[in-house]
$ cat target_39.cif   # mmCIF, N, CA and C atoms
data_upload
#
loop_
_atom_site.label_atom_id
_atom_site.label_comp_id
_atom_site.auth_asym_id
_atom_site.auth_seq_id
_atom_site.Cartn_x
_atom_site.Cartn_y
_atom_site.Cartn_z
N MET U 1 185.60 12.58 -112.21
CA MET U 1 186.75 13.15 -112.91
C MET U 1 186.24 14.15 -113.94
N PHE U 2 186.80 15.36 -113.91
CA PHE U 2 186.31 16.35 -114.86
C PHE U 2 187.39 16.88 -115.80
N LEU U 3 188.52 16.18 -115.91
CA LEU U 3 189.48 16.52 -116.95
C LEU U 3 189.00 15.90 -118.25
N PRO U 4 189.33 16.50 -119.38
CA PRO U 4 188.84 15.99 -120.67
C PRO U 4 189.39 14.59 -120.97
N GLN U 5 188.60 13.84 -121.70
CA GLN U 5 189.02 12.49 -122.09
C GLN U 5 189.82 12.49 -123.39
N ASN U 6 189.74 13.57 -124.16
CA ASN U 6 190.53 13.70 -125.37
C ASN U 6 192.00 13.72 -124.98
N GLU U 7 192.79 12.80 -125.51
CA GLU U 7 194.18 12.65 -125.07
C GLU U 7 195.03 13.89 -125.33
N PHE U 8 194.86 14.53 -126.47
CA PHE U 8 195.67 15.71 -126.77
C PHE U 8 195.32 16.85 -125.82
N THR U 9 194.04 17.09 -125.60
CA THR U 9 193.61 18.16 -124.69
C THR U 9 194.12 17.89 -123.28
N LEU U 10 194.01 16.65 -122.84
CA LEU U 10 194.51 16.27 -121.52
C LEU U 10 196.03 16.51 -121.44
N PHE U 11 196.74 16.15 -122.50
CA PHE U 11 198.18 16.36 -122.56
C PHE U 11 198.53 17.85 -122.41
N VAL U 12 197.80 18.71 -123.11
CA VAL U 12 198.04 20.15 -123.04
C VAL U 12 197.75 20.67 -121.63
N ILE U 13 196.64 20.25 -121.04
CA ILE U 13 196.28 20.72 -119.70
C ILE U 13 197.31 20.25 -118.67
N LEU U 14 197.71 19.01 -118.73
CA LEU U 14 198.74 18.51 -117.81
C LEU U 14 200.07 19.21 -118.06
N GLY U 15 200.39 19.49 -119.31
CA GLY U 15 201.62 20.20 -119.64
C GLY U 15 201.63 21.61 -119.09
N LEU U 16 200.52 22.32 -119.23
CA LEU U 16 200.43 23.67 -118.67
C LEU U 16 200.54 23.64 -117.15
N ALA U 17 199.87 22.68 -116.52
CA ALA U 17 199.93 22.55 -115.07
C ALA U 17 201.35 22.24 -114.61
N SER U 18 202.03 21.37 -115.34
CA SER U 18 203.41 21.03 -115.00
C SER U 18 204.32 22.24 -115.14
N PHE U 19 204.15 23.00 -116.21
CA PHE U 19 204.92 24.21 -116.43
C PHE U 19 204.75 25.18 -115.26
N ARG U 20 203.51 25.41 -114.86
CA ARG U 20 203.24 26.40 -113.80
C ARG U 20 203.79 25.94 -112.45
N LEU U 21 203.56 24.68 -112.09
CA LEU U 21 204.04 24.19 -110.80
C LEU U 21 205.57 24.16 -110.76
N THR U 22 206.18 23.80 -111.87
CA THR U 22 207.64 23.77 -111.93
C THR U 22 208.21 25.18 -111.73
N ARG U 23 207.64 26.16 -112.40
CA ARG U 23 208.10 27.56 -112.23
C ARG U 23 207.87 28.02 -110.80
N LEU U 24 206.75 27.63 -110.23
CA LEU U 24 206.45 28.00 -108.84
C LEU U 24 207.53 27.48 -107.90
N ILE U 25 207.93 26.25 -108.09
CA ILE U 25 208.93 25.62 -107.23
C ILE U 25 210.33 26.19 -107.47
N VAL U 26 210.72 26.36 -108.73
CA VAL U 26 212.10 26.71 -109.06
C VAL U 26 212.38 28.21 -109.03
N PHE U 27 211.43 29.05 -109.43
CA PHE U 27 211.72 30.46 -109.63
C PHE U 27 210.92 31.45 -108.79
N ASP U 28 209.69 31.14 -108.45
CA ASP U 28 208.83 32.16 -107.86
C ASP U 28 209.28 32.57 -106.46
N LYS U 29 209.11 33.85 -106.18
CA LYS U 29 209.54 34.45 -104.91
C LYS U 29 208.83 33.80 -103.72
N ILE U 30 207.58 33.43 -103.88
CA ILE U 30 206.81 32.90 -102.76
C ILE U 30 207.37 31.59 -102.21
N THR U 31 208.07 30.83 -103.04
CA THR U 31 208.64 29.56 -102.57
C THR U 31 210.12 29.69 -102.21
N GLU U 32 210.64 30.90 -102.26
CA GLU U 32 212.05 31.12 -101.93
C GLU U 32 212.42 30.61 -100.53
N PRO U 33 211.59 30.84 -99.50
CA PRO U 33 211.95 30.32 -98.17
C PRO U 33 212.07 28.79 -98.13
N LEU U 34 211.34 28.10 -98.99
CA LEU U 34 211.43 26.64 -99.03
C LEU U 34 212.72 26.18 -99.73
N ARG U 35 213.21 26.99 -100.68
CA ARG U 35 214.44 26.65 -101.41
C ARG U 35 215.70 27.03 -100.63
N ARG U 36 215.61 28.07 -99.81
CA ARG U 36 216.79 28.65 -99.15
C ARG U 36 217.68 27.65 -98.43
N PRO U 37 217.16 26.66 -97.70
CA PRO U 37 218.06 25.73 -96.98
C PRO U 37 218.97 24.91 -97.90
N PHE U 38 218.65 24.83 -99.16
CA PHE U 38 219.40 24.00 -100.09
C PHE U 38 220.52 24.76 -100.82
N PHE U 39 220.61 26.06 -100.57
CA PHE U 39 221.58 26.90 -101.29
C PHE U 39 222.44 27.72 -100.33
N LYS U 40 223.61 28.08 -100.80
CA LYS U 40 224.46 29.03 -100.08
C LYS U 40 224.55 30.29 -100.94
N GLU U 41 224.61 31.43 -100.26
CA GLU U 41 224.72 32.71 -100.97
C GLU U 41 226.18 33.08 -101.16
N ILE U 42 226.52 33.48 -102.36
CA ILE U 42 227.87 33.93 -102.67
C ILE U 42 227.76 35.37 -103.17
N GLU U 43 228.50 36.27 -102.52
CA GLU U 43 228.50 37.68 -102.92
C GLU U 43 229.75 37.98 -103.74
N GLU U 44 229.55 38.68 -104.85
CA GLU U 44 230.66 39.11 -105.69
C GLU U 44 230.40 40.53 -106.15
N LYS U 45 231.46 41.27 -106.33
CA LYS U 45 231.33 42.63 -106.87
C LYS U 45 231.47 42.57 -108.38
N ASN U 46 230.57 43.27 -109.07
CA ASN U 46 230.65 43.31 -110.53
C ASN U 46 231.59 44.44 -110.96
N GLU U 47 231.70 44.68 -112.24
CA GLU U 47 232.63 45.68 -112.77
C GLU U 47 232.31 47.10 -112.30
N GLU U 48 231.03 47.36 -111.97
CA GLU U 48 230.62 48.67 -111.48
C GLU U 48 230.80 48.81 -109.97
N GLY U 49 231.29 47.77 -109.31
CA GLY U 49 231.50 47.79 -107.87
C GLY U 49 230.26 47.45 -107.06
N GLU U 50 229.19 47.06 -107.74
CA GLU U 50 227.96 46.68 -107.05
C GLU U 50 228.05 45.22 -106.62
N VAL U 51 227.49 44.93 -105.45
CA VAL U 51 227.50 43.56 -104.93
C VAL U 51 226.36 42.78 -105.57
N GLU U 52 226.68 41.65 -106.13
CA GLU U 52 225.68 40.74 -106.69
C GLU U 52 225.69 39.47 -105.88
N ILE U 53 224.51 38.92 -105.63
CA ILE U 53 224.37 37.71 -104.83
C ILE U 53 223.98 36.56 -105.75
N TYR U 54 224.74 35.48 -105.66
CA TYR U 54 224.47 34.27 -106.43
C TYR U 54 224.10 33.15 -105.47
N LEU U 55 223.16 32.32 -105.88
CA LEU U 55 222.80 31.16 -105.08
C LEU U 55 223.43 29.92 -105.71
N MET U 56 224.18 29.22 -104.92
CA MET U 56 224.83 27.99 -105.38
C MET U 56 224.31 26.84 -104.53
N PRO U 57 224.03 25.69 -105.14
CA PRO U 57 223.59 24.54 -104.35
C PRO U 57 224.66 24.17 -103.31
N LYS U 58 224.20 23.78 -102.13
CA LYS U 58 225.15 23.30 -101.13
C LYS U 58 225.87 22.09 -101.71
N GLU U 59 227.06 21.81 -101.19
CA GLU U 59 227.93 20.85 -101.86
C GLU U 59 227.75 19.40 -101.45
N LYS U 60 227.26 19.15 -100.24
CA LYS U 60 227.24 17.76 -99.77
C LYS U 60 225.90 17.38 -99.17
N GLY U 61 225.69 16.08 -99.07
CA GLY U 61 224.55 15.54 -98.35
C GLY U 61 223.22 15.76 -99.04
N LEU U 62 222.18 15.55 -98.26
CA LEU U 62 220.82 15.67 -98.76
C LEU U 62 220.52 17.09 -99.20
N LEU U 63 221.03 18.09 -98.46
CA LEU U 63 220.81 19.48 -98.86
C LEU U 63 221.50 19.79 -100.18
N GLY U 64 222.67 19.21 -100.41
CA GLY U 64 223.36 19.40 -101.68
C GLY U 64 222.59 18.76 -102.83
N TRP U 65 222.08 17.56 -102.60
CA TRP U 65 221.27 16.88 -103.61
C TRP U 65 220.02 17.70 -103.92
N GLY U 66 219.35 18.20 -102.86
CA GLY U 66 218.16 19.02 -103.05
C GLY U 66 218.47 20.30 -103.80
N GLY U 67 219.61 20.92 -103.49
CA GLY U 67 220.01 22.13 -104.19
C GLY U 67 220.27 21.88 -105.66
N GLN U 68 220.93 20.76 -105.96
CA GLN U 68 221.17 20.41 -107.37
C GLN U 68 219.85 20.21 -108.10
N LEU U 69 218.91 19.53 -107.45
CA LEU U 69 217.60 19.29 -108.06
C LEU U 69 216.86 20.61 -108.27
N LEU U 70 216.80 21.45 -107.24
CA LEU U 70 216.03 22.69 -107.32
C LEU U 70 216.65 23.72 -108.26
N SER U 71 217.91 23.57 -108.60
CA SER U 71 218.54 24.51 -109.52
C SER U 71 218.35 24.08 -110.98
N CYS U 72 217.69 22.97 -111.18
CA CYS U 72 217.49 22.43 -112.54
C CYS U 72 216.00 22.42 -112.89
N PHE U 73 215.60 23.37 -113.73
CA PHE U 73 214.20 23.47 -114.16
C PHE U 73 213.72 22.17 -114.78
N TRP U 74 214.57 21.56 -115.59
CA TRP U 74 214.20 20.33 -116.30
C TRP U 74 214.01 19.17 -115.33
N CYS U 75 214.88 19.08 -114.33
CA CYS U 75 214.78 17.99 -113.35
C CYS U 75 213.51 18.10 -112.52
N VAL U 76 213.25 19.29 -112.01
CA VAL U 76 212.04 19.51 -111.22
C VAL U 76 210.81 19.24 -112.10
N GLY U 77 210.89 19.64 -113.35
CA GLY U 77 209.77 19.44 -114.27
C GLY U 77 209.39 17.97 -114.43
N ILE U 78 210.38 17.10 -114.45
CA ILE U 78 210.09 15.67 -114.57
C ILE U 78 209.34 15.18 -113.33
N TRP U 79 209.84 15.55 -112.13
CA TRP U 79 209.20 15.09 -110.90
C TRP U 79 207.80 15.69 -110.74
N VAL U 80 207.65 16.94 -111.11
CA VAL U 80 206.33 17.58 -111.06
C VAL U 80 205.38 16.88 -112.03
N SER U 81 205.86 16.55 -113.22
CA SER U 81 205.01 15.85 -114.20
C SER U 81 204.57 14.49 -113.68
N ILE U 82 205.49 13.76 -113.08
CA ILE U 82 205.13 12.46 -112.49
C ILE U 82 204.05 12.65 -111.44
N PHE U 83 204.21 13.63 -110.57
CA PHE U 83 203.23 13.91 -109.53
C PHE U 83 201.86 14.25 -110.11
N LEU U 84 201.83 15.13 -111.12
CA LEU U 84 200.54 15.55 -111.69
C LEU U 84 199.87 14.43 -112.46
N VAL U 85 200.63 13.63 -113.19
CA VAL U 85 200.03 12.48 -113.89
C VAL U 85 199.49 11.48 -112.87
N PHE U 86 200.22 11.27 -111.78
CA PHE U 86 199.72 10.40 -110.70
C PHE U 86 198.40 10.94 -110.16
N LEU U 87 198.34 12.25 -109.89
CA LEU U 87 197.09 12.84 -109.40
C LEU U 87 195.95 12.58 -110.38
N HIS U 88 196.23 12.77 -111.65
CA HIS U 88 195.20 12.55 -112.67
C HIS U 88 194.75 11.08 -112.69
N LEU U 89 195.70 10.18 -112.64
CA LEU U 89 195.35 8.75 -112.72
C LEU U 89 194.56 8.26 -111.51
N GLN U 90 194.70 8.95 -110.37
CA GLN U 90 193.95 8.56 -109.18
C GLN U 90 192.48 8.94 -109.28
N GLN U 91 192.16 9.82 -110.22
CA GLN U 91 190.79 10.27 -110.46
C GLN U 91 190.15 10.89 -109.22
N TRP U 92 190.96 11.64 -108.48
CA TRP U 92 190.45 12.37 -107.33
C TRP U 92 189.97 13.73 -107.78
N PHE U 93 188.84 14.17 -107.25
CA PHE U 93 188.32 15.49 -107.59
C PHE U 93 189.34 16.57 -107.24
N VAL U 94 189.94 16.47 -106.06
CA VAL U 94 190.91 17.48 -105.62
C VAL U 94 192.12 17.49 -106.56
N GLY U 95 192.58 16.33 -106.99
CA GLY U 95 193.71 16.27 -107.92
C GLY U 95 193.40 16.94 -109.23
N ASP U 96 192.21 16.68 -109.77
CA ASP U 96 191.81 17.33 -111.01
C ASP U 96 191.68 18.84 -110.82
N ALA U 97 191.17 19.26 -109.67
CA ALA U 97 191.03 20.69 -109.40
C ALA U 97 192.40 21.36 -109.36
N VAL U 98 193.38 20.71 -108.73
CA VAL U 98 194.74 21.25 -108.67
C VAL U 98 195.32 21.38 -110.08
N VAL U 99 195.13 20.37 -110.90
CA VAL U 99 195.64 20.41 -112.27
C VAL U 99 194.99 21.55 -113.04
N TRP U 100 193.67 21.70 -112.93
CA TRP U 100 192.98 22.78 -113.63
C TRP U 100 193.45 24.14 -113.16
N ILE U 101 193.59 24.33 -111.86
CA ILE U 101 194.03 25.63 -111.32
C ILE U 101 195.41 25.98 -111.85
N LEU U 102 196.33 25.01 -111.81
CA LEU U 102 197.68 25.26 -112.31
C LEU U 102 197.68 25.55 -113.82
N ALA U 103 196.86 24.82 -114.58
CA ALA U 103 196.81 25.03 -116.03
C ALA U 103 196.25 26.42 -116.36
N VAL U 104 195.20 26.82 -115.68
CA VAL U 104 194.63 28.15 -115.91
C VAL U 104 195.63 29.23 -115.51
N ALA U 105 196.33 29.03 -114.40
CA ALA U 105 197.35 29.99 -113.97
C ALA U 105 198.47 30.08 -115.00
N ALA U 106 198.84 28.96 -115.61
CA ALA U 106 199.88 28.96 -116.64
C ALA U 106 199.43 29.78 -117.85
N VAL U 107 198.19 29.59 -118.27
CA VAL U 107 197.68 30.36 -119.41
C VAL U 107 197.70 31.85 -119.08
N GLY U 108 197.27 32.19 -117.86
CA GLY U 108 197.30 33.59 -117.44
C GLY U 108 198.71 34.16 -117.45
N ALA U 109 199.68 33.38 -116.97
CA ALA U 109 201.07 33.83 -116.94
C ALA U 109 201.61 34.03 -118.36
N ILE U 110 201.28 33.12 -119.25
CA ILE U 110 201.74 33.23 -120.63
C ILE U 110 201.14 34.46 -121.30
N ILE U 111 199.86 34.70 -121.07
CA ILE U 111 199.21 35.89 -121.63
C ILE U 111 199.85 37.15 -121.07
N GLU U 112 200.13 37.17 -119.77
CA GLU U 112 200.77 38.34 -119.15
C GLU U 112 202.13 38.64 -119.78
N VAL U 113 202.93 37.60 -120.01
CA VAL U 113 204.24 37.80 -120.63
C VAL U 113 204.08 38.36 -122.04
N ILE U 114 203.15 37.82 -122.80
CA ILE U 114 202.93 38.29 -124.17
C ILE U 114 202.48 39.76 -124.17
N ILE U 115 201.51 40.09 -123.31
CA ILE U 115 201.03 41.47 -123.23
C ILE U 115 202.14 42.41 -122.79
N SER U 116 202.96 41.99 -121.81
CA SER U 116 204.07 42.82 -121.35
C SER U 116 205.06 43.08 -122.47
N LYS U 117 205.36 42.06 -123.27
CA LYS U 117 206.28 42.23 -124.40
C LYS U 117 205.71 43.19 -125.43
N ILE U 118 204.42 43.08 -125.70
CA ILE U 118 203.77 43.97 -126.69
C ILE U 118 203.77 45.41 -126.18
N MET U 119 203.48 45.59 -124.90
CA MET U 119 203.40 46.94 -124.32
C MET U 119 204.77 47.60 -124.25
N ASP U 120 205.84 46.82 -124.09
CA ASP U 120 207.19 47.37 -124.00
C ASP U 120 207.71 47.82 -125.36
N ASN U 121 207.15 47.31 -126.44
CA ASN U 121 207.62 47.67 -127.79
C ASN U 121 206.96 48.89 -128.31
#
$ encode --input "target_39.cif" --output "structure tokens"
Amino acid sequence: MFLPQNEFTLFVILGLASFRLTRLIVFDKITEPLRRPFFKEIEEKNEEGEVEIYLMPKEKGLLGWGGQLLSCFWCVGIWVSIFLVFLHLQQWFVGDAVVWILAVAAVGAIIEVIISKIMDN
């Protein structure tokens, strides 16, 4: 196991990994094909006459339940956190590697957002 033994540091690393994996599942374009079966597209025209597409969770059954879950950042975050803590507790090298990769990616994403905000001002 190569995650730190310091509880606070471990908490931060797991938190960053949870943040990144949750965003990957709920928002990122690359996972959109996996989310698509759980949502229906609704088209509406805005005040300028442009068509806007909204994704709404399907209403019934397992797909409806999945759509409700996937549309909630907080809900997915809890399940992702459970998964990542489980991986850590198993003390598998691969699990620790996944946590580290996600945590480093989260730091990179946070830095990118900060730099983008600074450059836009």
$ select_by_dssp --input "target_39.cif" --residues "segment 42-87 of chain U" --states "helix (DSSP H, G or I)" --output "ChimeraX atom specification"
/U:61-70,73-87
$ select_by_dssp --input "target_39.cif" --residues "segment 21-78 of chain U" --states "strand (DSSP E)" --output "PyMOL selection string"
chain U and resi 39-45+51-57
$ resolve_selection --input "target_39.cif" --expression "the PyMOL selection byres ((chain U and resi 53-68) around 8)" --output "PyMOL selection string"
chain U and resi 35+37-45+50-52+69-73+75-76
$ write_last_selection --input "target_39.cif" --atoms "N, CA and C atoms" --output "PDB file, in the frame of the given file"
ATOM      1  N   ARG U  35     213.210  26.990-100.680  1.00  0.00           N
ATOM      2  CA  ARG U  35     214.440  26.650-101.410  1.00  0.00           C
ATOM      3  C   ARG U  35     215.700  27.030-100.630  1.00  0.00           C
ATOM      4  N   PRO U  37     217.160  26.660 -97.700  1.00  0.00           N
ATOM      5  CA  PRO U  37     218.060  25.730 -96.980  1.00  0.00           C
ATOM      6  C   PRO U  37     218.970  24.910 -97.900  1.00  0.00           C
ATOM      7  N   PHE U  38     218.650  24.830 -99.160  1.00  0.00           N
ATOM      8  CA  PHE U  38     219.400  24.000-100.090  1.00  0.00           C
ATOM      9  C   PHE U  38     220.520  24.760-100.820  1.00  0.00           C
ATOM     10  N   PHE U  39     220.610  26.060-100.570  1.00  0.00           N
ATOM     11  CA  PHE U  39     221.580  26.900-101.290  1.00  0.00           C
ATOM     12  C   PHE U  39     222.440  27.720-100.330  1.00  0.00           C
ATOM     13  N   LYS U  40     223.610  28.080-100.800  1.00  0.00           N
ATOM     14  CA  LYS U  40     224.460  29.030-100.080  1.00  0.00           C
ATOM     15  C   LYS U  40     224.550  30.290-100.940  1.00  0.00           C
ATOM     16  N   GLU U  41     224.610  31.430-100.260  1.00  0.00           N
ATOM     17  CA  GLU U  41     224.720  32.710-100.970  1.00  0.00           C
ATOM     18  C   GLU U  41     226.180  33.080-101.160  1.00  0.00           C
ATOM     19  N   ILE U  42     226.520  33.480-102.360  1.00  0.00           N
ATOM     20  CA  ILE U  42     227.870  33.930-102.670  1.00  0.00           C
ATOM     21  C   ILE U  42     227.760  35.370-103.170  1.00  0.00           C
ATOM     22  N   GLU U  43     228.500  36.270-102.520  1.00  0.00           N
ATOM     23  CA  GLU U  43     228.500  37.680-102.920  1.00  0.00           C
ATOM     24  C   GLU U  43     229.750  37.980-103.740  1.00  0.00           C
ATOM     25  N   GLU U  44     229.550  38.680-104.850  1.00  0.00           N
ATOM     26  CA  GLU U  44     230.660  39.110-105.690  1.00  0.00           C
ATOM     27  C   GLU U  44     230.400  40.530-106.150  1.00  0.00           C
ATOM     28  N   LYS U  45     231.460  41.270-106.330  1.00  0.00           N
ATOM     29  CA  LYS U  45     231.330  42.630-106.870  1.00  0.00           C
ATOM     30  C   LYS U  45     231.470  42.570-108.380  1.00  0.00           C
ATOM     31  N   GLU U  50     229.190  47.060-107.740  1.00  0.00           N
ATOM     32  CA  GLU U  50     227.960  46.680-107.050  1.00  0.00           C
ATOM     33  C   GLU U  50     228.050  45.220-106.620  1.00  0.00           C
ATOM     34  N   VAL U  51     227.490  44.930-105.450  1.00  0.00           N
ATOM     35  CA  VAL U  51     227.500  43.560-104.930  1.00  0.00           C
ATOM     36  C   VAL U  51     226.360  42.780-105.570  1.00  0.00           C
ATOM     37  N   GLU U  52     226.680  41.650-106.130  1.00  0.00           N
ATOM     38  CA  GLU U  52     225.680  40.740-106.690  1.00  0.00           C
ATOM     39  C   GLU U  52     225.690  39.470-105.880  1.00  0.00           C
ATOM     40  N   LEU U  69     218.910  19.530-107.450  1.00  0.00           N
ATOM     41  CA  LEU U  69     217.600  19.290-108.060  1.00  0.00           C
ATOM     42  C   LEU U  69     216.860  20.610-108.270  1.00  0.00           C
ATOM     43  N   LEU U  70     216.800  21.450-107.240  1.00  0.00           N
ATOM     44  CA  LEU U  70     216.030  22.690-107.320  1.00  0.00           C
ATOM     45  C   LEU U  70     216.650  23.720-108.260  1.00  0.00           C
ATOM     46  N   SER U  71     217.910  23.570-108.600  1.00  0.00           N
ATOM     47  CA  SER U  71     218.540  24.510-109.520  1.00  0.00           C
ATOM     48  C   SER U  71     218.350  24.080-110.980  1.00  0.00           C
ATOM     49  N   CYS U  72     217.690  22.970-111.180  1.00  0.00           N
ATOM     50  CA  CYS U  72     217.490  22.430-112.540  1.00  0.00           C
ATOM     51  C   CYS U  72     216.000  22.420-112.890  1.00  0.00           C
ATOM     52  N   PHE U  73     215.600  23.370-113.730  1.00  0.00           N
ATOM     53  CA  PHE U  73     214.200  23.470-114.160  1.00  0.00           C
ATOM     54  C   PHE U  73     213.720  22.170-114.780  1.00  0.00           C
ATOM     55  N   CYS U  75     214.880  19.080-114.330  1.00  0.00           N
ATOM     56  CA  CYS U  75     214.780  17.990-113.350  1.00  0.00           C
ATOM     57  C   CYS U  75     213.510  18.100-112.520  1.00  0.00           C
ATOM     58  N   VAL U  76     213.250  19.290-112.010  1.00  0.00           N
ATOM     59  CA  VAL U  76     212.040  19.510-111.220  1.00  0.00           C
ATOM     60  C   VAL U  76     210.810  19.240-112.100  1.00  0.00           C
TER      61      VAL U  76
END
$ atom_distance --input "target_39.cif" --atom1 "atom CA of Gly95 of chain U" --atom2 "atom CA of Leu14 of chain U"
11.3 Å
$ residues_near_point --input "target_39.cif" --point "(204.8, 12.3, -112.0)" --cutoff "12 Å" --atoms "only C-alpha atoms" --output "PyMOL selection string"
chain U and resi 14-15+17-18+21-22+75-90
$ atom_distance --input "target_39.cif" --atom1 "atom CA of Trp100 of chain U" --atom2 "atom CA of Arg36 of chain U"
28.5 Å
$ atom_distance --input "target_39.cif" --atom1 "atom CA of Val12 of chain U" --atom2 "atom N of Ala105 of chain U"
12.5 Å
$ closest_residue --input "target_39.cif" --among "U:Val99, U:Ala106, U:Ile118, U:Ile111" --to "Arg23 of chain U" --atoms "only C-alpha atoms"
U:Ala106
$ residues_around --input "target_39.cif" --residues "Leu16 of chain U" --least-positions-apart "3" --cutoff "7 Å" --atoms "only N, CA and C atoms" --output "list of chain:residue names"
U:Phe11, U:Val12, U:Ile13, U:Phe19, U:Arg20, U:Leu21, U:Leu102, U:Ala103, U:Val104, U:Ala106, U:Val107
$ axis_aligned_box --input "target_39.cif" --around "segment 7-16 of chain U" --padding-each-side "3 Å" --output "AutoDock Vina command-line options"
--center_x 197.2 --center_y 18.2 --center_z -122.0 --size_x 14.8 --size_y 17.0 --size_z 15.6
$ decode --input "target_39.cif" --residues "segment 41-54 of chain U" --atoms "N, CA, C and O atoms" --output "tab-separated table (two decimals), in the first residue's frame"
chain	number	residue	atom	x	y	z
U	41	GLU	N	-34.28	13.36	-23.97
U	41	GLU	CA	-33.97	14.72	-24.42
U	41	GLU	C	-35.26	15.50	-24.64
U	41	GLU	O	-36.19	15.00	-25.25
U	42	ILE	N	-35.28	16.71	-24.13
U	42	ILE	CA	-36.43	17.59	-24.33
U	42	ILE	C	-35.91	18.85	-25.03
U	42	ILE	O	-34.95	19.48	-24.56
U	43	GLU	N	-36.52	19.17	-26.17
U	43	GLU	CA	-36.13	20.36	-26.92
U	43	GLU	C	-37.12	21.49	-26.64
U	43	GLU	O	-38.33	21.27	-26.67
U	44	GLU	N	-36.59	22.68	-26.39
U	44	GLU	CA	-37.41	23.86	-26.18
U	44	GLU	C	-36.76	25.03	-26.89
U	44	GLU	O	-35.53	25.10	-26.97
U	45	LYS	N	-37.58	25.93	-27.37
U	45	LYS	CA	-37.05	27.16	-27.98
U	45	LYS	C	-36.94	28.24	-26.91
U	45	LYS	O	-37.85	28.43	-26.11
U	46	ASN	N	-35.80	28.93	-26.91
U	46	ASN	CA	-35.62	30.01	-25.94
U	46	ASN	C	-36.20	31.31	-26.52
U	46	ASN	O	-36.78	31.31	-27.62
U	47	GLU	N	-36.03	32.40	-25.83
U	47	GLU	CA	-36.61	33.69	-26.25
U	47	GLU	C	-36.05	34.18	-27.59
U	47	GLU	O	-36.71	34.91	-28.30
U	48	GLU	N	-34.83	33.75	-27.93
U	48	GLU	CA	-34.22	34.14	-29.20
U	48	GLU	C	-34.61	33.21	-30.34
U	48	GLU	O	-34.15	33.35	-31.47
U	49	GLY	N	-35.43	32.20	-30.05
U	49	GLY	CA	-35.87	31.25	-31.06
U	49	GLY	C	-34.89	30.11	-31.30
U	49	GLY	O	-35.10	29.29	-32.20
U	50	GLU	N	-33.84	30.04	-30.50
U	50	GLU	CA	-32.86	28.96	-30.63
U	50	GLU	C	-33.35	27.74	-29.86
U	50	GLU	O	-33.95	27.86	-28.79
U	51	VAL	N	-33.09	26.56	-30.42
U	51	VAL	CA	-33.50	25.32	-29.78
U	51	VAL	C	-32.47	24.95	-28.71
U	51	VAL	O	-31.27	24.90	-28.99
U	52	GLU	N	-32.94	24.71	-27.52
U	52	GLU	CA	-32.10	24.24	-26.42
U	52	GLU	C	-32.53	22.84	-26.05
U	52	GLU	O	-33.72	22.53	-26.04
U	53	ILE	N	-31.56	21.98	-25.76
U	53	ILE	CA	-31.85	20.60	-25.41
U	53	ILE	C	-31.58	20.39	-23.93
U	53	ILE	O	-30.51	20.75	-23.43
U	54	TYR	N	-32.57	19.85	-23.24
U	54	TYR	CA	-32.45	19.54	-21.82
U	54	TYR	C	-32.51	18.03	-21.65
U	54	TYR	O	-33.25	17.34	-22.34
